[in-house]
$ cat final.txt   # compact mmCIF, C-alpha atoms
# COMPACT_ATOMS: atom_id res chain seq x y z
CA MET C 73 37.01 -6.71 16.04
CA VAL C 74 38.49 -7.84 19.27
CA ASP C 75 39.78 -5.25 21.69
CA ALA C 76 43.50 -5.23 22.27
CA PRO C 77 44.60 -6.70 25.59
CA GLU C 78 45.72 -4.52 28.48
CA GLY C 79 49.07 -2.92 27.79
CA ILE C 80 51.08 0.21 27.52
CA GLU C 81 50.38 2.26 24.49
CA GLY C 82 52.26 5.19 23.11
CA GLN C 83 52.92 6.80 19.80
CA GLY C 84 54.03 4.07 17.40
CA PHE C 85 54.29 1.26 19.94
CA PHE C 86 52.18 -1.05 22.05
CA ALA C 87 53.61 -3.24 24.77
CA THR C 88 51.87 -6.13 26.52
CA SER C 89 52.73 -9.62 27.70
CA LEU C 90 53.03 -12.56 25.33
CA ASP C 91 50.51 -14.51 27.47
CA LYS C 92 47.82 -11.99 26.73
CA VAL C 93 48.43 -11.80 23.00
CA ILE C 94 48.49 -15.56 22.61
CA GLY C 95 45.45 -15.90 24.88
CA MET C 96 43.56 -13.44 22.74
CA ALA C 97 44.51 -15.26 19.55
CA ARG C 98 43.59 -18.66 20.93
CA ALA C 99 40.30 -17.51 22.39
CA ASN C 100 39.14 -16.07 19.10
CA SER C 101 40.13 -18.93 16.84
CA LEU C 102 38.96 -22.03 18.68
CA TRP C 103 38.44 -24.93 16.33
CA PRO C 104 35.73 -27.12 17.81
CA LEU C 105 35.46 -30.84 17.25
CA PRO C 106 31.78 -31.72 17.55
CA PHE C 107 31.32 -35.15 19.12
CA ALA C 108 27.56 -35.26 18.70
CA THR C 109 25.68 -38.43 19.57
CA SER C 110 22.10 -37.28 20.13
CA CYS C 111 19.66 -34.40 20.60
CA CYS C 112 22.25 -31.98 21.99
CA GLY C 113 24.01 -32.39 18.66
CA ILE C 114 20.86 -31.16 16.92
CA GLU C 115 20.90 -28.06 19.13
CA PHE C 116 24.52 -27.61 18.16
CA MET C 117 23.52 -27.61 14.49
CA ALA C 118 21.18 -24.73 15.29
CA THR C 119 24.03 -23.07 17.16
CA MET C 120 26.19 -23.27 14.04
CA GLY C 121 23.35 -22.07 11.81
CA SER C 122 22.78 -18.51 10.72
CA ASN C 123 20.34 -17.60 13.53
CA TYR C 124 22.77 -18.16 16.38
CA ASP C 125 25.98 -18.38 14.38
CA LEU C 126 28.87 -19.57 16.48
CA ALA C 127 31.12 -18.08 13.78
CA ARG C 128 30.68 -14.71 15.50
CA PHE C 129 32.97 -16.06 18.20
CA GLY C 130 35.68 -17.22 15.86
CA SER C 131 34.62 -20.88 15.96
CA GLU C 132 33.13 -21.30 12.52
CA ARG C 133 35.80 -23.73 11.44
CA LEU C 134 34.68 -27.12 12.77
CA SER C 135 37.39 -29.66 12.69
CA PHE C 136 36.44 -33.26 12.16
CA SER C 137 40.00 -34.32 12.77
CA PRO C 138 40.99 -34.29 16.43
CA ARG C 139 44.57 -33.41 15.50
CA GLN C 140 43.52 -29.98 14.27
CA ALA C 141 40.97 -29.24 16.98
CA ASP C 142 41.31 -27.13 20.13
CA LEU C 143 37.92 -27.67 21.68
CA LEU C 144 36.18 -31.02 22.12
CA MET C 145 32.43 -30.53 22.35
CA VAL C 146 30.75 -33.66 23.65
CA MET C 147 27.04 -33.46 22.96
CA GLY C 148 24.86 -36.37 23.85
CA THR C 149 24.69 -39.66 25.67
CA ILE C 150 27.99 -41.53 25.78
CA ALA C 151 27.47 -45.27 26.14
CA LYS C 152 30.14 -47.13 28.07
CA LYS C 153 31.08 -48.85 24.84
CA MET C 154 31.70 -45.42 23.30
CA GLY C 155 33.92 -44.37 26.23
CA PRO C 156 37.26 -45.67 24.84
CA VAL C 157 36.50 -44.03 21.48
CA LEU C 158 35.92 -40.66 23.15
CA LYS C 159 39.09 -41.07 25.16
CA GLN C 160 41.07 -41.84 22.03
CA VAL C 161 39.69 -38.75 20.31
CA TYR C 162 40.77 -36.68 23.33
CA ASP C 163 44.21 -38.31 23.28
CA GLN C 164 44.68 -37.42 19.63
CA MET C 165 44.05 -33.72 20.18
CA ALA C 166 47.13 -31.56 20.53
CA GLU C 167 47.66 -29.27 23.52
CA PRO C 168 46.30 -26.82 24.36
CA LYS C 169 42.89 -28.45 24.36
CA TRP C 170 39.61 -27.77 26.11
CA VAL C 171 36.49 -29.87 26.63
CA ILE C 172 32.84 -28.86 26.96
CA ALA C 173 30.25 -31.36 28.18
CA VAL C 174 27.01 -30.17 26.58
CA GLY C 175 23.77 -31.34 28.17
CA ALA C 176 22.77 -33.52 31.07
CA CYS C 177 23.91 -36.83 29.50
CA ALA C 178 27.45 -35.77 28.74
CA SER C 179 27.72 -34.04 32.13
CA SER C 180 26.24 -36.71 34.39
CA GLY C 181 24.52 -39.47 32.42
CA GLY C 182 21.29 -37.52 32.60
CA ILE C 183 18.12 -39.58 32.67
CA PHE C 184 20.05 -42.62 31.48
CA ASP C 185 20.94 -43.96 34.87
CA THR C 186 21.56 -47.43 33.51
CA TYR C 187 24.21 -50.09 33.24
CA SER C 188 25.11 -49.25 29.65
CA VAL C 189 25.62 -45.49 29.89
CA LEU C 190 28.70 -43.62 31.08
CA GLN C 191 27.60 -41.46 34.02
CA GLY C 192 29.29 -38.29 32.82
CA ILE C 193 32.29 -37.96 30.51
CA ASP C 194 34.38 -36.57 33.38
CA ARG C 195 34.81 -40.19 34.42
CA ILE C 196 37.20 -40.69 31.50
CA ILE C 197 38.43 -37.25 30.37
CA PRO C 198 38.85 -33.89 32.13
CA VAL C 199 36.08 -31.38 31.43
CA ASP C 200 36.49 -27.59 31.48
CA VAL C 201 32.90 -26.40 31.11
CA TYR C 202 29.58 -28.12 31.75
CA VAL C 203 26.50 -26.83 29.96
CA PRO C 204 23.32 -27.94 31.74
CA GLY C 205 20.04 -28.58 29.95
CA CYS C 206 18.21 -31.43 28.27
CA PRO C 207 18.98 -30.34 25.64
CA PRO C 208 20.40 -26.87 26.29
CA ARG C 209 19.28 -24.06 24.00
CA PRO C 210 21.80 -22.64 21.51
CA GLU C 211 22.23 -19.58 23.75
CA GLN C 212 23.45 -21.86 26.52
CA ILE C 213 25.89 -23.64 24.21
CA ILE C 214 27.23 -20.24 23.11
CA GLU C 215 27.56 -19.27 26.79
CA GLY C 216 29.61 -22.45 27.30
CA VAL C 217 31.88 -21.60 24.37
CA MET C 218 32.30 -18.08 25.75
CA LYS C 219 33.36 -19.57 29.10
CA ILE C 220 35.98 -21.59 27.22
CA GLN C 221 37.10 -18.40 25.49
CA ASP C 222 37.54 -16.85 28.94
CA LEU C 223 39.64 -19.81 30.06
CA ALA C 224 41.74 -19.68 26.89
CA ARG C 225 42.23 -15.92 27.18
CA LYS C 226 43.41 -16.07 30.79
CA GLU C 227 45.41 -19.26 30.64
CA SER C 228 49.06 -19.00 31.54
CA LEU C 229 51.38 -20.29 28.84
CA ARG C 230 53.05 -22.55 31.40
CA ARG C 231 49.86 -24.11 32.72
CA ARG C 232 50.06 -27.19 30.47
CA ASN C 233 53.61 -27.88 31.65
CA SER C 234 52.77 -27.61 35.33
CA ASP C 235 52.98 -30.57 37.67
CA GLU C 236 49.41 -29.93 38.71
CA TYR C 237 48.19 -30.34 35.12
CA LYS C 238 50.28 -33.47 34.58
CA LYS C 239 48.94 -34.97 37.78
CA MET C 240 45.42 -34.23 36.67
CA LEU C 241 45.99 -36.03 33.36
CA GLU C 242 47.63 -38.93 35.16
CA SER C 243 44.57 -39.26 37.38
CA TYR C 244 42.66 -39.98 34.16
CA ASN C 245 45.37 -42.38 32.96
CA ILE C 246 46.12 -40.11 30.05
CA GLU C 247 49.70 -40.03 28.84
CA THR C 248 51.25 -36.59 28.97
CA GLN C 249 52.71 -35.32 25.75
CA MET U 255 -3.27 -81.56 3.59
CA SER U 256 -3.46 -78.48 1.43
CA MET U 257 -4.27 -75.05 2.79
CA THR U 258 -5.03 -71.98 0.80
CA GLU U 259 -4.99 -69.62 3.74
CA LEU U 260 -3.20 -70.08 7.02
CA ASN U 261 -4.84 -69.31 10.33
CA ASN U 262 -4.09 -70.10 13.95
CA GLU U 263 -6.34 -73.16 13.96
CA ASN U 264 -5.02 -75.00 10.93
CA VAL U 265 -1.37 -74.29 11.77
CA LEU U 266 -1.90 -75.56 15.31
CA GLN U 267 -3.61 -78.60 13.83
CA VAL U 268 -0.59 -79.36 11.64
CA LEU U 269 1.69 -78.96 14.67
CA ASN U 270 -0.46 -81.22 16.84
CA GLU U 271 -0.70 -83.88 14.13
CA THR U 272 3.04 -83.85 13.47
CA PHE U 273 4.47 -83.45 16.95
CA GLY U 274 1.63 -84.43 19.30
CA GLU U 275 2.77 -84.21 22.93
CA ALA U 276 5.61 -81.81 22.10
CA ILE U 277 3.22 -78.93 21.46
CA LEU U 278 2.45 -77.41 24.85
CA HIS U 279 0.23 -74.59 26.06
CA PRO U 280 -1.10 -73.29 22.75
CA GLU U 281 -2.59 -69.85 23.24
CA THR U 282 -3.60 -66.87 21.17
CA GLN U 283 -2.59 -63.43 22.32
CA TYR U 284 -3.58 -60.34 20.34
CA GLY U 285 -4.53 -62.67 17.51
CA MET U 286 -1.11 -64.34 17.32
CA LEU U 287 -0.63 -68.07 17.92
CA SER U 288 1.93 -68.94 20.55
CA VAL U 289 3.08 -72.43 21.54
CA GLU U 290 5.65 -73.83 23.89
CA ILE U 291 7.91 -76.64 22.71
CA PRO U 292 10.61 -78.67 24.48
CA ALA U 293 13.92 -76.80 24.31
CA ASP U 294 15.78 -79.82 22.91
CA ARG U 295 13.48 -80.03 19.89
CA ASN U 296 13.60 -76.39 18.77
CA THR U 297 15.46 -76.87 15.48
CA GLU U 298 13.43 -79.95 14.59
CA ILE U 299 10.05 -78.24 15.02
CA VAL U 300 11.00 -74.83 13.61
CA GLY U 301 12.81 -76.58 10.76
CA CYS U 302 9.61 -78.46 9.98
CA LEU U 303 7.61 -75.22 9.96
CA LYS U 304 10.19 -73.69 7.63
CA ASP U 305 10.25 -76.59 5.19
CA HIS U 306 6.52 -77.39 5.27
CA LYS U 307 5.28 -76.54 1.79
CA ASP U 308 2.01 -75.04 3.00
CA ILE U 309 3.43 -73.07 5.90
CA SER U 310 6.97 -72.16 4.77
CA MET U 311 8.04 -69.98 7.69
CA GLY U 312 10.86 -68.42 5.71
CA PHE U 313 11.70 -65.54 8.00
CA LEU U 314 12.88 -65.46 11.59
CA THR U 315 11.68 -62.06 12.76
CA ASP U 316 13.11 -62.10 16.24
CA VAL U 317 14.91 -64.14 18.84
CA CYS U 318 14.74 -62.88 22.38
CA ALA U 319 14.61 -64.13 25.94
CA VAL U 320 12.56 -63.44 29.06
CA HIS U 321 13.72 -63.99 32.60
CA TYR U 322 11.18 -65.40 35.06
CA PRO U 323 13.19 -65.79 38.29
CA GLU U 324 10.17 -67.19 40.19
CA GLN U 325 9.69 -70.19 37.87
CA LYS U 326 12.08 -72.76 39.32
CA GLY U 327 13.74 -74.96 36.69
CA ARG U 328 12.37 -72.92 33.80
CA GLU U 329 13.61 -69.44 34.55
CA LEU U 330 14.59 -68.43 31.02
CA ALA U 331 12.24 -68.37 28.07
CA VAL U 332 13.73 -68.17 24.59
CA VAL U 333 11.14 -66.79 22.20
CA TYR U 334 11.19 -67.16 18.42
CA HIS U 335 8.97 -65.01 16.23
CA LEU U 336 8.39 -66.62 12.85
CA HIS U 337 6.91 -65.06 9.75
CA SER U 338 5.75 -66.69 6.56
CA TRP U 339 6.05 -64.05 3.87
CA THR U 340 4.44 -66.14 1.18
CA LYS U 341 1.42 -67.01 3.34
CA ASN U 342 1.27 -63.79 5.37
CA PHE U 343 1.23 -65.60 8.69
CA ARG U 344 3.07 -65.00 11.93
CA MET U 345 3.50 -67.07 15.06
CA ARG U 346 5.56 -67.31 18.22
CA ILE U 347 7.43 -70.26 19.70
CA LYS U 348 8.75 -70.43 23.25
CA CYS U 349 11.30 -72.74 24.85
CA PHE U 350 12.01 -72.74 28.57
CA LEU U 351 15.47 -73.32 30.04
CA PRO U 352 16.77 -73.72 33.59
CA ALA U 353 18.94 -70.85 34.85
CA GLU U 354 21.75 -73.22 35.92
CA LYS U 355 22.18 -74.60 32.40
CA PRO U 356 20.71 -72.17 29.87
CA GLU U 357 21.68 -74.11 26.76
CA ILE U 358 19.76 -74.45 23.53
CA THR U 359 20.69 -75.42 19.98
CA THR U 360 21.39 -72.53 17.65
CA MET U 361 18.99 -71.61 14.82
CA THR U 362 21.83 -70.37 12.63
CA GLY U 363 21.66 -73.60 10.63
CA LEU U 364 18.11 -72.70 9.57
CA TYR U 365 18.18 -68.91 9.45
CA ASN U 366 21.22 -66.68 8.95
CA SER U 367 19.34 -63.88 10.71
CA ALA U 368 19.60 -65.90 13.93
CA ASN U 369 23.31 -65.15 14.14
CA TRP U 370 23.21 -61.60 15.51
CA MET U 371 19.91 -62.07 17.34
CA GLU U 372 21.30 -65.01 19.27
CA ARG U 373 24.41 -63.00 20.07
CA GLU U 374 22.16 -60.29 21.46
CA THR U 375 20.18 -62.80 23.51
CA PHE U 376 23.42 -64.24 24.84
CA ASP U 377 24.71 -60.75 25.59
CA PHE U 378 21.71 -59.71 27.68
CA TYR U 379 20.54 -63.03 29.19
CA GLY U 380 23.49 -65.39 29.00
CA VAL U 381 21.68 -68.01 26.95
CA GLN U 382 24.25 -70.40 25.46
CA PHE U 383 23.35 -71.23 21.87
CA THR U 384 25.25 -74.45 21.20
CA GLY U 385 26.66 -74.66 17.69
CA HIS U 386 26.57 -70.91 17.13
CA PRO U 387 29.56 -69.96 14.94
CA ASP U 388 30.57 -66.83 16.88
CA LEU U 389 28.81 -66.47 20.22
CA ARG U 390 30.22 -63.28 21.76
CA ARG U 391 28.77 -59.99 22.99
CA ILE U 392 27.31 -57.74 20.34
CA LEU U 393 25.84 -54.61 22.00
CA ASN U 394 27.41 -54.29 25.43
CA MET U 395 31.07 -53.60 25.95
CA ASP U 396 33.32 -56.64 25.80
CA GLU U 397 34.61 -56.10 29.36
CA MET U 398 31.15 -56.51 30.90
CA ASP U 399 31.20 -59.55 33.19
CA TYR U 400 27.48 -60.21 33.62
CA HIS U 401 24.28 -60.41 31.60
CA PRO U 402 22.46 -57.20 32.47
CA LEU U 403 18.83 -58.06 31.76
CA LEU U 404 18.79 -60.96 34.21
CA LYS U 405 16.63 -59.68 37.03
CA GLN U 406 19.12 -60.27 39.84
CA TYR U 407 21.11 -57.30 38.51
CA ALA U 408 20.11 -53.69 39.11
CA LEU U 409 19.09 -51.73 36.07
CA GLU U 410 20.64 -48.55 37.44
CA ASP U 411 24.32 -47.81 37.16
CA GLU U 412 25.89 -48.76 40.47
CA THR U 413 28.66 -46.20 40.15
CA ARG U 414 26.37 -43.19 40.06
CA ASP U 415 26.76 -41.09 43.18
CA ASP U 416 24.66 -37.98 42.57
CA LYS U 417 21.40 -39.56 43.66
CA ASP U 418 21.85 -38.81 47.33
CA ASP U 419 18.38 -38.71 48.83
CA SER U 420 19.20 -35.52 50.73
CA PHE U 421 19.25 -33.64 47.40
CA PHE U 422 15.67 -34.63 46.74
CA GLY U 423 14.16 -34.07 50.20
CA ARG U 424 13.57 -37.78 50.70

$ encode --input "final.txt" --output "structure tokens"
Amino acid sequence: MVDAPEGIEGQGFFATSLDKVIGMARANSLWPLPFATSCCGIEFMATMGSNYDLARFGSERLSFSPRQADLLMVMGTIAKKMGPVLKQVYDQMAEPKWVIAVGACASSGGIFDTYSVLQGIDRIIPVDVYVPGCPPRPEQIIEGVMKIQDLARKESLRRRNSDEYKKMLESYNIETQ
Amino acid sequence: MSMTELNNENVLQVLNETFGEAILHPETQYGMLSVEIPADRNTEIVGCLKDHKDISMGFLTDVCAVHYPEQKGRELAVVYHLHSWTKNFRMRIKCFLPAEKPEITTMTGLYNSANWMERETFDFYGVQFTGHPDLRRILNMDEMDYHPLLKQYALEDETRDDKDDSFFGR
């Protein structure tokens, strides 16, 4: 069970702000889209397995359609040729959406400092949380998801309509919805 | 001449008898015969090896290139690996091309497998295979404007900026 957000409680009523209720609901029902291209994806499989069990955090429902997903988890080396595909997947996700870059390759290119590899996915899409490691252990991936939960819980409902957010998307040449 | 078993000596002998001066620098490395041939005779000589009833090189294992920037006039080597499945024999054929005009006739007329391998060789080394039905990049992204395995280009990604020496105490 998730604790109720801060609010005023009395006999037969509970009052809080809509932001907090929606934040709580979003944070505990994130639908991840796993974009797994290499060994970090294998660690993610362990993360989803019964030992580590990401389902405990409300993320057991993986979505393989970007249109239904809230959280894009990029796990593995992204070749430059893969870049436009990743960007299209991000474009197809509906707001609100979050992105985790899992592992050194997704975060920075990792050991693949070479002409064919994208040197970090933040060159094409905005990233909310970076999980370091090569590959990171399941505990670290869970920590990353929990950071996203924090962001989702505390996010203002107007954030995605703000000029700041639109400017950020424009800096990535992403059309605002 | 009829051969029951192929080996480096009798295949080289067939090549020397048939093509004479065109067979250059025969050598054996790790037990595999390797010869250089003139680049403008590649389909003729490989075609002969393929159709020869005793050799029948029916399989083109690999096409690749090597860049030797220090060899003026013959900077690019195109290497063909041939395999005779029926005779269990492998060999290697090299052609050298100048960097200014890296053109060689395609092998796609002889082997369908040459199609993608020649595209790969073009992609990474810029070798122009004349007569190839669809010579465009295969592995790198289409927007790439150079051939990355030529040695004048850096292997590392030029856009990477986190390798500041000060982070590593250098």

$ residues_around --input "final.txt" --residues "Asp308 (chain U)" --least-positions-apart "4" --cutoff "12 Å" --atoms "all atoms listed in the file" --output "list in words"
Met255, Ser256, Met257, Thr258, Glu259, Leu260, Asn261, Asn264, Val265, Val268, Cys302, Leu303, Lys304, Gly312, Ser338, Trp339, Thr340, Lys341, Asn342 and Phe343 of chain U

$ write_last_selection --input "final.txt" --atoms "C-alpha atoms" --output "PDB file, in the frame of the given file"
ATOM      1  CA  MET U 255      -3.270 -81.560   3.590  1.00  0.00           C
ATOM      2  CA  SER U 256      -3.460 -78.480   1.430  1.00  0.00           C
ATOM      3  CA  MET U 257      -4.270 -75.050   2.790  1.00  0.00           C
ATOM      4  CA  THR U 258      -5.030 -71.980   0.800  1.00  0.00           C
ATOM      5  CA  GLU U 259      -4.990 -69.620   3.740  1.00  0.00           C
ATOM      6  CA  LEU U 260      -3.200 -70.080   7.020  1.00  0.00           C
ATOM      7  CA  ASN U 261      -4.840 -69.310  10.330  1.00  0.00           C
ATOM      8  CA  ASN U 264      -5.020 -75.000  10.930  1.00  0.00           C
ATOM      9  CA  VAL U 265      -1.370 -74.290  11.770  1.00  0.00           C
ATOM     10  CA  VAL U 268      -0.590 -79.360  11.640  1.00  0.00           C
ATOM     11  CA  CYS U 302       9.610 -78.460   9.980  1.00  0.00           C
ATOM     12  CA  LEU U 303       7.610 -75.220   9.960  1.00  0.00           C
ATOM     13  CA  LYS U 304      10.190 -73.690   7.630  1.00  0.00           C
ATOM     14  CA  GLY U 312      10.860 -68.420   5.710  1.00  0.00           C
ATOM     15  CA  SER U 338       5.750 -66.690   6.560  1.00  0.00           C
ATOM     16  CA  TRP U 339       6.050 -64.050   3.870  1.00  0.00           C
ATOM     17  CA  THR U 340       4.440 -66.140   1.180  1.00  0.00           C
ATOM     18  CA  LYS U 341       1.420 -67.010   3.340  1.00  0.00           C
ATOM     19  CA  ASN U 342       1.270 -63.790   5.370  1.00  0.00           C
ATOM     20  CA  PHE U 343       1.230 -65.600   8.690  1.00  0.00           C
TER      21      PHE U 343
END

$ interface_residues --input "final.txt" --of "chain U" --to "chain C" --cutoff "7 Å" --atoms "all atoms listed in the file" --output "PyMOL selection string"
chain U and resi 394-395+409-411+414

$ closest_residue --input "final.txt" --among "C:Cys177, C:Pro198, C:Val93, C:Tyr124" --to "Lys239 (chain C)" --atoms "all atoms listed in the file"
C:Pro198

$ residues_around --input "final.txt" --residues "Arg98 (chain C)" --least-positions-apart "6" --cutoff "9 Å" --atoms "all atoms listed in the file" --output "CSV table (one decimal) with C-alpha atoms, keeping the file's coordinate frame"
chain,number,residue,atom,x,y,z
C,142,ASP,CA,41.3,-27.1,20.1
C,221,GLN,CA,37.1,-18.4,25.5
C,224,ALA,CA,41.7,-19.7,26.9
C,225,ARG,CA,42.2,-15.9,27.2

$ residues_around --input "final.txt" --residues "Ala173 (chain C)" --least-positions-apart "2" --cutoff "10 Å" --atoms "all atoms listed in the file" --output "PyMOL selection string"
chain C and resi 107+144-148+171+175-180+192-194+198-204+213+216

$ write_last_selection --input "final.txt" --atoms "C-alpha atoms" --output "PDB file, in the coordinates of the input"
ATOM      1  CA  PHE C 107      31.320 -35.150  19.120  1.00  0.00           C
ATOM      2  CA  LEU C 144      36.180 -31.020  22.120  1.00  0.00           C
ATOM      3  CA  MET C 145      32.430 -30.530  22.350  1.00  0.00           C
ATOM      4  CA  VAL C 146      30.750 -33.660  23.650  1.00  0.00           C
ATOM      5  CA  MET C 147      27.040 -33.460  22.960  1.00  0.00           C
ATOM      6  CA  GLY C 148      24.860 -36.370  23.850  1.00  0.00           C
ATOM      7  CA  VAL C 171      36.490 -29.870  26.630  1.00  0.00           C
ATOM      8  CA  GLY C 175      23.770 -31.340  28.170  1.00  0.00           C
ATOM      9  CA  ALA C 176      22.770 -33.520  31.070  1.00  0.00           C
ATOM     10  CA  CYS C 177      23.910 -36.830  29.500  1.00  0.00           C
ATOM     11  CA  ALA C 178      27.450 -35.770  28.740  1.00  0.00           C
ATOM     12  CA  SER C 179      27.720 -34.040  32.130  1.00  0.00           C
ATOM     13  CA  SER C 180      26.240 -36.710  34.390  1.00  0.00           C
ATOM     14  CA  GLY C 192      29.290 -38.290  32.820  1.00  0.00           C
ATOM     15  CA  ILE C 193      32.290 -37.960  30.510  1.00  0.00           C
ATOM     16  CA  ASP C 194      34.380 -36.570  33.380  1.00  0.00           C
ATOM     17  CA  PRO C 198      38.850 -33.890  32.130  1.00  0.00           C
ATOM     18  CA  VAL C 199      36.080 -31.380  31.430  1.00  0.00           C
ATOM     19  CA  ASP C 200      36.490 -27.590  31.480  1.00  0.00           C
ATOM     20  CA  VAL C 201      32.900 -26.400  31.110  1.00  0.00           C
ATOM     21  CA  TYR C 202      29.580 -28.120  31.750  1.00  0.00           C
ATOM     22  CA  VAL C 203      26.500 -26.830  29.960  1.00  0.00           C
ATOM     23  CA  PRO C 204      23.320 -27.940  31.740  1.00  0.00           C
ATOM     24  CA  ILE C 213      25.890 -23.640  24.210  1.00  0.00           C
ATOM     25  CA  GLY C 216      29.610 -22.450  27.300  1.00  0.00           C
TER      26      GLY C 216
END

$ atom_distance --input "final.txt" --atom1 "CA of Ser288 (chain U)" --atom2 "CA of Gly301 (chain U)"
16.5 Å

$ residues_around --input "final.txt" --residues "Val381 (chain U)" --least-positions-apart "4" --cutoff "10 Å" --atoms "all atoms listed in the file" --output "VMD selection string"
chain U and resid 318 to 319 330 to 332 351 353 355 to 358 372 to 377 389 401
